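Asks: One structure coming up, written as structure tokens, with questions to follow.
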Amino acid sequence: MAKNPNFAQVAQITLGGGHKIQGLWHPGFDDFGVAAPQLAKLFQFDSSQASRTIKRLLGKDFQFDSWQSELNPDKVNVVLVKDFEKIIWDWMFYEPKRKDDVLIPGIKIAKEIGKDIFGMGLVERFRDGFGFESGKEFRDNFLEERVKQLESRNADLENNDECWRYVNKELRDEIEDLAKGMGEPDELEAENERLRRILRERGIDPNAPNNFI
């Protein structure tokens with residue numbers, strides 16, 4: 001059965017940073033877009049305020065398109081890809097302020113997406129220059145590899161954090177043992193200061209609340 005040309009078709013789109021979204025293509029307009037609720041889901045802001053938030057991001061002159069789709073016969077507000085691009089691009093270089101608390105998760109996600117898409121596009125330009133084909137398989141593999149690199153970096157950070165916590169705990173245990181075994185206050189204070197200096201040399205603030213085990 002032929003698809004209705006008045007209804008947008010739906011497909012899952014793989015973005016950068018391991019993020020995905022349900023994208024739209026309207027055959028009647030030959031244009032791509034994303035429904036406002038999908039953007040709210042992607043960028044983790046209140047879906048009940050999706051249209052209002054997007055208008056705030058894109059400016060008072062921005063106007064939604066209104067499409068029906070294969071998934072929803074009712075018309076929904078749609079952001080065209082050119083405006084979706086603008087949100088990602090603007091957020092890549094935006095430093096959030098206190099009033100932007102609800103947008104901070106989305107800003108982080110936009111930076112992850114933008115970095116990977118930019119990196120992929122740059123590599124593709126070099127591949128084109130040297131006559132290499134860059135089809136769907138290349139693009140999918142590129143983004144999958146970026147996700148693996150991100151996961152590896154996160155694991156390294158977690159392991160590093162655990163390492164510092166272990167060193168911190170060992171040194172604090174040593175301080176406690178010394179406190180129990182040493183009778184002279186001056187000697188105890190000198191040893192405490194020596195161990196605190198070791199902590200500081202390792203980049204650990206011995207007085208920081210999050211360093212207390």
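Residue numbering restarts at 1 in every chain; chains get A, B, ... in the order shown in the structure tokens, and ligands count up from 1 in that same order.
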Would you list the contacts of Lys86 (chain A) as a list of chain:residue names, taking every protein, DNA or RNA residue within 12 Å and counting only C-alpha atoms, but skipping same-chain residues closer than 3 positions in sequence?
Replies: A:Ile54, A:Leu57, A:Leu58, A:Gly59, A:Phe62, A:Val79, A:Leu80, A:Val81, A:Lys82, A:Asp83, A:Trp89, A:Asp90, A:Trp91, A:Met92, A:Phe93, A:Ala110, A:Gly114
Asks: From a DSSP pass on the backbone, collect the residues of region 49-168 of chain A flagged as strand (DSSP E) and hand them back as JSON, numbers by chain.
Replies: {"A": [65, 66, 67, 68, 69, 76, 77, 78, 79, 80]}
Asks: Using only C-alpha atoms, which residues sit within 6 Å of region 44-52 of chain A once same-chain residues fewer than 6 positions away are excluded, as a PyMOL selection string?
Replies: chain A and resi 36-37+106
Asks: Emit the selected residues as a PDB file, in the first residue's frame, including all heavy atoms.
Replies:
ATOM      1  N   ALA A  36       8.173  18.243  18.516  1.00  0.00           N
ATOM      2  CA  ALA A  36       8.564  18.932  19.752  1.00  0.00           C
ATOM      3  C   ALA A  36       8.680  17.981  20.948  1.00  0.00           C
ATOM      4  O   ALA A  36       9.640  18.081  21.723  1.00  0.00           O
ATOM      5  CB  ALA A  36       7.581  20.064  20.048  1.00  0.00           C
ATOM      6  N   PRO A  37       7.731  17.035  21.137  1.00  0.00           N
ATOM      7  CA  PRO A  37       7.879  16.114  22.274  1.00  0.00           C
ATOM      8  C   PRO A  37       9.144  15.258  22.193  1.00  0.00           C
ATOM      9  O   PRO A  37       9.714  14.889  23.227  1.00  0.00           O
ATOM     10  CB  PRO A  37       6.618  15.243  22.186  1.00  0.00           C
ATOM     11  CG  PRO A  37       5.623  16.086  21.454  1.00  0.00           C
ATOM     12  CD  PRO A  37       6.429  16.850  20.459  1.00  0.00           C
ATOM     13  N   GLY A 106      20.175  19.041  28.786  1.00  0.00           N
ATOM     14  CA  GLY A 106      20.073  19.156  27.338  1.00  0.00           C
ATOM     15  C   GLY A 106      21.302  19.788  26.716  1.00  0.00           C
ATOM     16  O   GLY A 106      21.735  19.394  25.628  1.00  0.00           O
TER      17      GLY A 106
END
Asks: Could you give me, as number ranges by chain, each residue of region 20-87 of chain A that DSSP assigns to alpha helix (DSSP H) when run on this structure's backbone?
Replies: A: 36-43, 50-58, 81-87
Asks: What's around Ile107 (chain A) at 8 Å? Count only C-alpha atoms, leave out sequence neighbours fewer than 2 positions away in its own chain, and write the answer as a PyMOL selection string.
Replies: chain A and resi 43+91-92+94+96+103-105+109-111
Asks: Which is closer to Phe118 (chain A) than all the others in A:Phe130, A:Asp65, A:His19, A:Leu143, using only C-alpha atoms?
Replies: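 Comparing A:Phe130, A:Asp65, A:His19, A:Leu143 against Phe118 (chain A), the winner is A:Leu143.
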Asks: Please report the interatomic distance between CA of Ala40 (chain A) and CA of Lys108 (chain A) in Å with one decimal.
Replies: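 Distance reported for this atom pair: 13.9 Å.
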